[in-house]
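Reproduced below: run09.txt, with compact mmCIF, C-alpha atoms.
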```txt
# COMPACT_ATOMS: atom_id res chain seq x y z
CA MET A 16 55.27 92.34 141.03
CA PRO A 17 57.48 91.58 137.97
CA TYR A 18 59.15 88.52 139.51
CA VAL A 19 55.85 87.24 140.89
CA PHE A 20 54.37 87.59 137.42
CA ASN A 21 57.35 85.76 135.89
CA VAL A 22 56.80 82.78 138.22
CA VAL A 23 52.98 82.69 137.94
CA LEU A 24 52.76 83.17 134.15
CA PRO A 25 54.14 79.73 133.12
CA VAL A 26 51.70 78.01 135.52
CA PHE A 27 48.71 79.86 134.10
CA ALA A 28 49.96 79.41 130.52
CA LEU A 29 50.17 75.61 130.90
CA ILE A 30 46.62 75.45 132.29
CA LEU A 31 45.48 77.62 129.38
CA VAL A 32 47.22 75.35 126.85
CA GLY A 33 45.41 72.34 128.29
CA TYR A 34 42.08 74.19 128.17
CA ILE A 35 42.57 75.23 124.53
CA CYS A 36 43.65 71.73 123.50
CA GLY A 37 40.62 70.27 125.26
CA LYS A 38 38.21 72.75 123.64
CA SER A 39 39.65 72.12 120.20
CA GLY A 40 39.70 68.34 120.65
CA LYS A 41 43.34 68.11 119.57
CA LEU A 42 44.30 65.67 122.33
CA GLY A 43 41.22 63.44 122.19
CA GLU A 44 38.42 62.75 124.67
CA SER A 45 40.47 60.55 127.00
CA ALA A 46 43.49 62.88 127.16
CA SER A 47 42.77 64.15 130.67
CA THR A 48 42.37 60.63 132.11
CA GLU A 49 45.48 59.20 130.46
CA LEU A 50 47.61 62.23 131.28
CA ASN A 51 46.48 61.99 134.91
CA ARG A 52 47.52 58.34 135.07
CA PHE A 53 50.96 59.20 133.72
CA VAL A 54 51.41 61.96 136.31
CA VAL A 55 50.08 59.97 139.28
CA TRP A 56 51.94 56.73 138.63
CA LEU A 57 55.18 57.88 136.97
CA ALA A 58 56.03 61.57 136.72
CA LEU A 59 54.94 62.94 140.11
CA PRO A 60 56.38 60.03 142.16
CA ALA A 61 59.68 60.51 140.32
CA GLN A 62 59.62 64.23 141.15
CA LEU A 63 58.86 63.59 144.83
CA PHE A 64 61.56 60.91 145.12
CA ASN A 65 64.13 63.10 143.36
CA PHE A 66 63.34 66.03 145.62
CA ALA A 67 63.52 64.02 148.85
CA ALA A 68 66.63 62.06 147.83
CA ASN A 69 68.56 65.30 147.35
CA SER A 70 67.65 66.75 150.76
CA THR A 71 69.36 66.21 154.11
CA TRP A 72 67.78 65.82 157.54
CA GLN A 73 70.09 68.47 158.98
CA SER A 74 68.98 71.15 156.52
CA LEU A 75 65.32 70.44 157.31
CA TRP A 76 65.42 70.94 161.09
CA GLN A 77 64.13 74.47 161.77
CA PRO A 78 61.56 73.90 164.55
CA GLY A 79 60.22 77.47 164.75
CA PHE A 80 59.60 77.73 161.02
CA ILE A 81 58.18 74.20 160.84
CA LEU A 82 55.78 75.00 163.68
CA ALA A 83 54.60 78.27 162.11
CA PHE A 84 54.06 76.83 158.64
CA ALA A 85 52.60 73.50 159.79
CA VAL A 86 50.16 75.06 162.25
CA SER A 87 48.93 77.55 159.62
CA CYS A 88 48.36 74.64 157.22
CA LEU A 89 46.60 72.54 159.85
CA LEU A 90 44.35 75.35 161.09
CA VAL A 91 43.17 76.19 157.57
CA TYR A 92 42.82 72.50 156.70
CA PHE A 93 40.66 71.64 159.72
CA LEU A 94 38.64 74.87 159.57
CA THR A 95 37.73 74.14 155.96
CA PHE A 96 37.33 70.45 156.70
CA PHE A 97 34.74 70.96 159.46
CA ILE A 98 32.81 73.63 157.55
CA THR A 99 32.57 71.38 154.48
CA TRP A 100 31.70 68.30 156.52
CA TYR A 101 28.95 70.22 158.37
CA ARG A 102 27.45 71.34 155.03
CA LYS A 103 27.91 68.18 152.95
CA ARG A 104 28.31 65.35 155.52
CA ASP A 105 30.96 63.78 153.31
CA LEU A 106 34.30 63.02 154.99
CA ALA A 107 36.26 62.47 151.75
CA LEU A 108 34.85 65.64 150.19
CA ALA A 109 35.70 67.59 153.34
CA SER A 110 39.27 66.30 153.21
CA PHE A 111 39.67 67.31 149.56
CA ALA A 112 38.34 70.77 150.43
CA GLY A 113 40.69 71.13 153.38
CA LEU A 114 43.69 70.09 151.30
CA SER A 115 42.72 72.47 148.47
CA ALA A 116 42.65 75.38 150.94
CA SER A 117 45.98 74.56 152.62
CA TYR A 118 48.23 72.86 150.02
CA SER A 119 50.81 75.40 148.82
CA ASN A 120 52.55 75.01 145.46
CA THR A 121 55.93 74.96 147.21
CA GLY A 122 57.86 72.82 144.74
CA TYR A 123 57.01 74.44 141.42
CA MET A 124 56.55 78.04 142.60
CA GLY A 125 57.81 78.26 146.19
CA ILE A 126 61.48 77.51 145.56
CA PRO A 127 62.06 79.93 142.65
CA LEU A 128 59.95 82.67 144.27
CA CYS A 129 61.72 82.42 147.64
CA ILE A 130 65.12 82.55 145.94
CA LEU A 131 64.08 85.56 143.86
CA ALA A 132 62.64 87.39 146.87
CA LEU A 133 65.06 86.34 149.63
CA GLY A 134 68.22 85.25 147.83
CA GLN A 135 69.85 81.83 148.24
CA ASP A 136 68.84 81.83 151.92
CA GLY A 137 65.26 81.40 150.71
CA PHE A 138 65.99 77.91 149.38
CA ALA A 139 66.03 76.18 152.79
CA PRO A 140 62.56 77.33 153.99
CA ALA A 141 61.04 76.40 150.62
CA VAL A 142 62.47 72.87 150.88
CA ILE A 143 61.24 72.50 154.48
CA ALA A 144 57.76 73.72 153.51
CA THR A 145 57.63 71.12 150.74
CA PHE A 146 58.08 68.33 153.28
CA VAL A 147 55.39 69.82 155.52
CA VAL A 148 53.11 69.72 152.48
CA PHE A 149 53.93 66.00 152.11
CA GLY A 150 52.62 65.53 155.65
CA MET A 151 49.40 67.36 154.80
CA PHE A 152 49.02 65.05 151.82
CA ALA A 153 49.28 61.98 154.05
CA LEU A 154 46.80 63.42 156.57
CA ALA A 155 44.25 64.11 153.85
CA THR A 156 44.69 60.59 152.48
CA VAL A 157 43.80 59.09 155.88
CA PHE A 158 40.51 61.02 156.08
CA ILE A 159 39.67 60.22 152.45
CA GLU A 160 40.19 56.52 153.11
CA ILE A 161 38.07 56.65 156.27
CA GLY A 162 35.33 58.50 154.40
CA THR A 163 35.20 56.06 151.51
CA LEU A 164 35.21 53.03 153.83
CA ALA A 165 32.72 54.29 156.43
CA HIS A 166 30.45 51.29 155.85
CA LYS A 167 33.15 48.81 156.98
CA LYS A 168 34.16 47.68 160.46
CA SER A 169 36.80 49.62 162.41
CA HIS A 170 39.62 47.08 162.03
CA GLU A 171 38.90 46.80 158.29
CA ILE A 172 39.12 50.58 157.93
CA VAL A 173 42.43 50.72 159.83
CA TRP A 174 43.93 47.94 157.71
CA SER A 175 42.69 49.52 154.48
CA VAL A 176 44.14 52.93 155.48
CA ILE A 177 47.52 51.35 156.22
CA LYS A 178 47.50 49.48 152.90
CA SER A 179 46.53 52.63 151.02
CA LEU A 180 49.26 54.72 152.65
CA CYS A 181 51.84 52.03 151.89
CA SER A 182 50.77 51.61 148.26
CA ASN A 183 50.02 55.20 147.25
CA PRO A 184 52.89 56.25 144.94
CA LEU A 185 52.46 59.90 145.91
CA LEU A 186 53.28 59.02 149.54
CA VAL A 187 55.72 56.16 149.06
CA ALA A 188 58.00 58.13 146.72
CA PRO A 189 59.07 60.95 149.11
CA VAL A 190 59.53 58.48 151.99
CA ALA A 191 61.73 56.31 149.76
CA GLY A 192 63.66 59.43 148.75
CA LEU A 193 64.31 60.40 152.37
CA LEU A 194 65.43 56.86 153.20
CA TRP A 195 67.83 56.91 150.28
CA SER A 196 69.13 60.31 151.33
CA SER A 197 69.91 58.93 154.80
CA THR A 198 72.29 56.36 153.27
CA HIS A 199 74.45 59.19 151.81
CA LEU A 200 74.96 57.06 148.70
CA PRO A 201 74.87 58.63 145.22
CA LEU A 202 72.34 57.33 142.73
CA TYR A 203 73.73 55.49 139.70
CA ASP A 204 74.04 58.22 137.04
CA PRO A 205 71.82 56.64 134.35
CA LEU A 206 69.16 55.94 137.02
CA GLN A 207 69.39 59.54 138.26
CA GLN A 208 68.96 60.78 134.70
CA PHE A 209 65.96 58.49 134.17
CA ILE A 210 64.29 59.78 137.34
CA SER A 211 65.09 63.40 136.40
CA PHE A 212 63.51 62.98 132.96
CA LEU A 213 60.29 61.68 134.50
CA ALA A 214 60.34 64.31 137.27
CA ALA A 215 60.65 67.14 134.75
CA ALA A 216 57.37 66.07 133.15
CA ALA A 217 55.33 66.12 136.36
CA SER A 218 54.42 69.79 136.81
CA PRO A 219 53.74 70.71 133.16
CA CYS A 220 51.68 67.57 132.53
CA ALA A 221 49.68 68.06 135.73
CA LEU A 222 48.90 71.68 134.82
CA VAL A 223 47.91 70.78 131.25
CA SER A 224 45.68 68.05 132.71
CA ILE A 225 43.93 70.63 134.90
CA GLY A 226 43.26 72.76 131.82
CA LEU A 227 41.75 69.73 130.09
CA PHE A 228 39.60 69.00 133.13
CA LEU A 229 38.23 72.55 133.26
CA ILE A 230 36.29 72.09 130.02
CA GLN A 231 34.10 69.39 131.56
CA LYS A 232 30.53 70.58 132.10
CA ARG A 233 29.62 68.90 135.38
CA LYS A 234 27.60 71.14 137.68
CA THR A 235 29.51 72.51 140.67
CA ASP A 236 29.03 75.18 143.31
CA ARG A 237 31.45 77.90 142.23
CA SER A 238 31.11 79.64 145.59
CA ASP A 239 33.01 76.68 147.11
CA ALA A 240 35.99 77.39 144.85
CA TRP A 241 35.96 81.10 145.74
CA GLY A 242 35.77 80.34 149.47
CA LEU A 243 38.63 77.84 149.31
CA SER A 244 40.70 80.32 147.27
CA PHE A 245 40.13 83.06 149.85
CA ALA A 246 41.25 80.73 152.64
CA LYS A 247 44.39 79.81 150.70
CA LEU A 248 45.51 83.26 149.55
CA ILE A 249 44.40 85.42 152.50
CA VAL A 250 43.59 83.44 155.66
CA GLN A 251 46.56 81.05 155.65
CA PRO A 252 49.33 83.67 155.19
CA ILE A 253 47.80 85.90 157.88
CA ILE A 254 47.74 82.99 160.34
CA ALA A 255 51.33 82.08 159.40
CA TRP A 256 52.51 85.66 159.96
CA VAL A 257 50.81 85.90 163.37
CA ILE A 258 52.47 82.65 164.52
CA ALA A 259 55.92 83.34 163.06
CA GLY A 260 56.10 87.04 163.98
CA PRO A 261 54.18 88.19 167.07
CA ILE A 262 54.01 84.76 168.74
CA LEU A 263 57.35 83.03 167.96
CA ASN A 264 59.35 86.15 167.08
CA LEU A 265 61.33 84.35 164.35
CA PRO A 266 64.12 86.14 162.44
CA VAL A 267 62.91 88.40 159.61
CA LEU A 268 64.08 86.01 156.88
CA TRP A 269 62.00 83.14 158.25
CA VAL A 270 58.94 85.33 158.85
CA ASN A 271 59.09 86.59 155.27
CA ALA A 272 59.58 83.05 154.00
CA VAL A 273 56.63 81.59 155.91
CA VAL A 274 54.33 84.36 154.65
CA ILE A 275 55.44 83.90 151.03
CA LEU A 276 55.10 80.11 151.18
CA SER A 277 51.69 80.27 152.88
CA ALA A 278 50.43 82.77 150.30
CA LEU A 279 51.33 80.52 147.37
CA PRO A 280 48.48 79.23 145.19
CA THR A 281 47.15 75.69 145.56
CA GLY A 282 49.41 73.13 143.93
CA THR A 283 48.35 70.27 141.70
CA GLY A 284 48.64 67.68 144.51
CA PRO A 285 44.97 67.78 145.64
CA PHE A 286 43.80 67.46 142.04
CA MET A 287 46.12 64.50 141.44
CA LEU A 288 44.89 62.86 144.66
CA ALA A 289 41.28 63.32 143.51
CA GLN A 290 42.14 61.62 140.24
CA TYR A 291 43.86 58.78 142.11
CA TYR A 292 40.62 58.15 144.04
CA ASN A 293 38.39 58.75 140.99
CA ALA A 294 36.76 61.67 142.80
CA ASP A 295 35.26 64.78 141.21
CA GLY A 296 38.14 67.24 140.79
CA ARG A 297 36.09 70.04 139.25
CA THR A 298 36.12 72.32 142.29
CA ILE A 299 39.79 71.59 142.98
CA SER A 300 40.77 72.46 139.42
CA ARG A 301 38.95 75.78 139.75
CA VAL A 302 40.74 76.49 143.02
CA VAL A 303 44.11 75.85 141.35
CA LEU A 304 43.20 78.25 138.55
CA LEU A 305 41.72 80.96 140.79
CA THR A 306 44.55 80.90 143.31
CA THR A 307 47.19 80.88 140.56
CA VAL A 308 45.72 84.00 138.96
CA GLY A 309 44.87 85.64 142.30
CA SER A 310 48.35 85.03 143.73
CA LEU A 311 49.76 87.52 141.23
CA LEU A 312 48.09 90.25 143.29
CA THR A 313 48.19 88.78 146.79
CA LEU A 314 51.83 87.65 146.65
CA SER A 315 52.86 91.03 145.30
CA LEU A 316 51.03 92.77 148.16
CA PHE A 317 52.57 90.49 150.80
CA LEU A 318 56.06 90.96 149.35
CA TRP A 319 55.61 94.73 149.22
CA TRP A 320 54.29 94.78 152.79
CA ASN A 321 57.18 92.65 154.05
CA SER A 322 59.75 94.88 152.37
CA ALA A 323 58.06 97.99 153.81
CA VAL A 324 58.05 96.56 157.33
```

Please, can you express the file's structure as C-alpha cells?
Amino acid sequence: MPYVFNVVLPVFALILVGYICGKSGKLGESASTELNRFVVWLALPAQLFNFAANSTWQSLWQPGFILAFAVSCLLVYFLTFFITWYRKRDLALASFAGLSASYSNTGYMGIPLCILALGQDGFAPAVIATFVVFGMFALATVFIEIGTLAHKKSHEIVWSVIKSLCSNPLLVAPVAGLLWSSTHLPLYDPLQQFISFLAAAASPCALVSIGLFLIQKRKTDRSDAWGLSFAKLIVQPIIAWVIAGPILNLPVLWVNAVVILSALPTGTGPFMLAQYYNADGRTISRVVLLTTVGSLLTLSLFLWWNSAV
C-alpha cells in the first residue's frame, strides 16, 4: 500500500487544491474554463505528442497483452455504453459514460506504478496500454460526433466525424508523434524543450481544473458516478485478469501488468473531451475523484493478491 499511496496522493492533492481555490474564489469565476482551454489545446496535445514521439513500434508489439487489455476496455466501454443509452437515449452521453468507466490513467499513474511494482520491465506494458487508451479515445469521439449530429443526413455525419477526428488536437497529437517516431529523426533540442515544458503542465493543470469543476452546483445523479467507478475499479481488472491469465495464459509479468493497468483510476481524458465538446463534465469529474481515492484500496488489494499468487 505505501507505494500505491505515494502515487495516488499527488493526484488527489491537485484535485483538492483546485477545489479549495474554487471555493475561495482565488482563481476567479472563469478559471475552470480558461484552464481547460489551455490543457485541451496546448498542454495535453504536447504531452501526447511527446509520449508518442519517444516510443518505437517494435516495443509496442505484444499481441497477447494488447488483446487482454483492449478487450477488457472494450467490454466495459460497451457494457456501460448500452446501459446508459438504454436509460438516457443519448448517444453522446452514453459514450462519455463508457469512456469514464474504461479509460485508465496510464500515463500519469500507470507508468510509475508499474515500475514500482514490477521493476523496469513494467515500463513496456504501461506504454502499450497508453496507446490502447488513445484508441479508446478515438472510438468515443466517433460516437460523440454521431450523437451530436443525429439530425443530419448520413453522408454529412460521416464527413463531420472525419473532420472532427482530423482536427481534434487530442487525437492528432499522438498520431503525429508516432509518425515522427517512425522517421527515427531527433527533435531539434529547443523544440523538444518547448514541447516538454508544455507537456509537464498537462496533468497538474487538468487535475486542478477538475477540482475547480467539482464546486459547480449543477444537479447530477450521483449513483451514475458510483456505478461507473465500480465498473472501472472492480469489473475491468477482473475481466482483464480472466483474459490474460486463464484464457491466454500470458507470462506472470504481463498478467500482473494488465491487472494493475486495468485497475487504475479514470484519467482526465474523458473530462477534457467533455470540455472540448462543451458537455456536462460533472459526473465525469466525480468519477475521476472517486476512482482516484478508491484505487488506493483496490490497487493495494490487487497488488497483494498478485504477489500472493

Pairwise distance, atom CA of Leu94 of chain A with atom CA of Leu248 of chain A, equals 14.8 Å

Across A:Cys88, A:Ala191, A:Leu180, A:Met287, the smallest distance to Ser47 of chain A, with only C-alpha atoms counted, is shown by A:Met287

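In this comparison, which uses all atoms listed in the file, the residue of A:Trp241, A:Asp204, A:Ala141, A:Leu82 approaching Leu263 of chain A most closely is A:Leu82.
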
If we count only C-alpha atoms and set the cut-off at 9 Å, which residues sit around Leu50 of chain A, ignoring sequence neighbours fewer than 6 positions away in its own chain? Please answer as an mmCIF file with C-alpha atoms, in the coordinates of the input.
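Final output, selection.cif:
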```
data_model
loop_
_atom_site.group_PDB
_atom_site.id
_atom_site.type_symbol
_atom_site.label_atom_id
_atom_site.label_comp_id
_atom_site.auth_asym_id
_atom_site.auth_seq_id
_atom_site.Cartn_x
_atom_site.Cartn_y
_atom_site.Cartn_z
ATOM 1 C CA CYS A 220 51.680 67.570 132.530
ATOM 2 C CA ALA A 221 49.680 68.060 135.730
ATOM 3 C CA VAL A 223 47.910 70.780 131.250
ATOM 4 C CA SER A 224 45.680 68.050 132.710
#
```

Can you sort out the box for segment 174-191 of chain A, edges along x, y and z, all listed atoms in, 5 Å on every side, with centre and edge lengths in Å to one decimal, as JSON?
```
{"center_x": 52.2, "center_y": 54.4, "center_z": 151.3, "size_x": 29.0, "size_y": 23.0, "size_z": 22.8}
```

Using all atoms listed in the file, the residue out of A:Trp100, A:Tyr34, A:Tyr118, A:Phe209 with shortest distance to Gln62 of chain A is A:Phe209

The distance between atom CA of Pro285 of chain A and atom CA of Gln208 of chain A is 27.3 Å
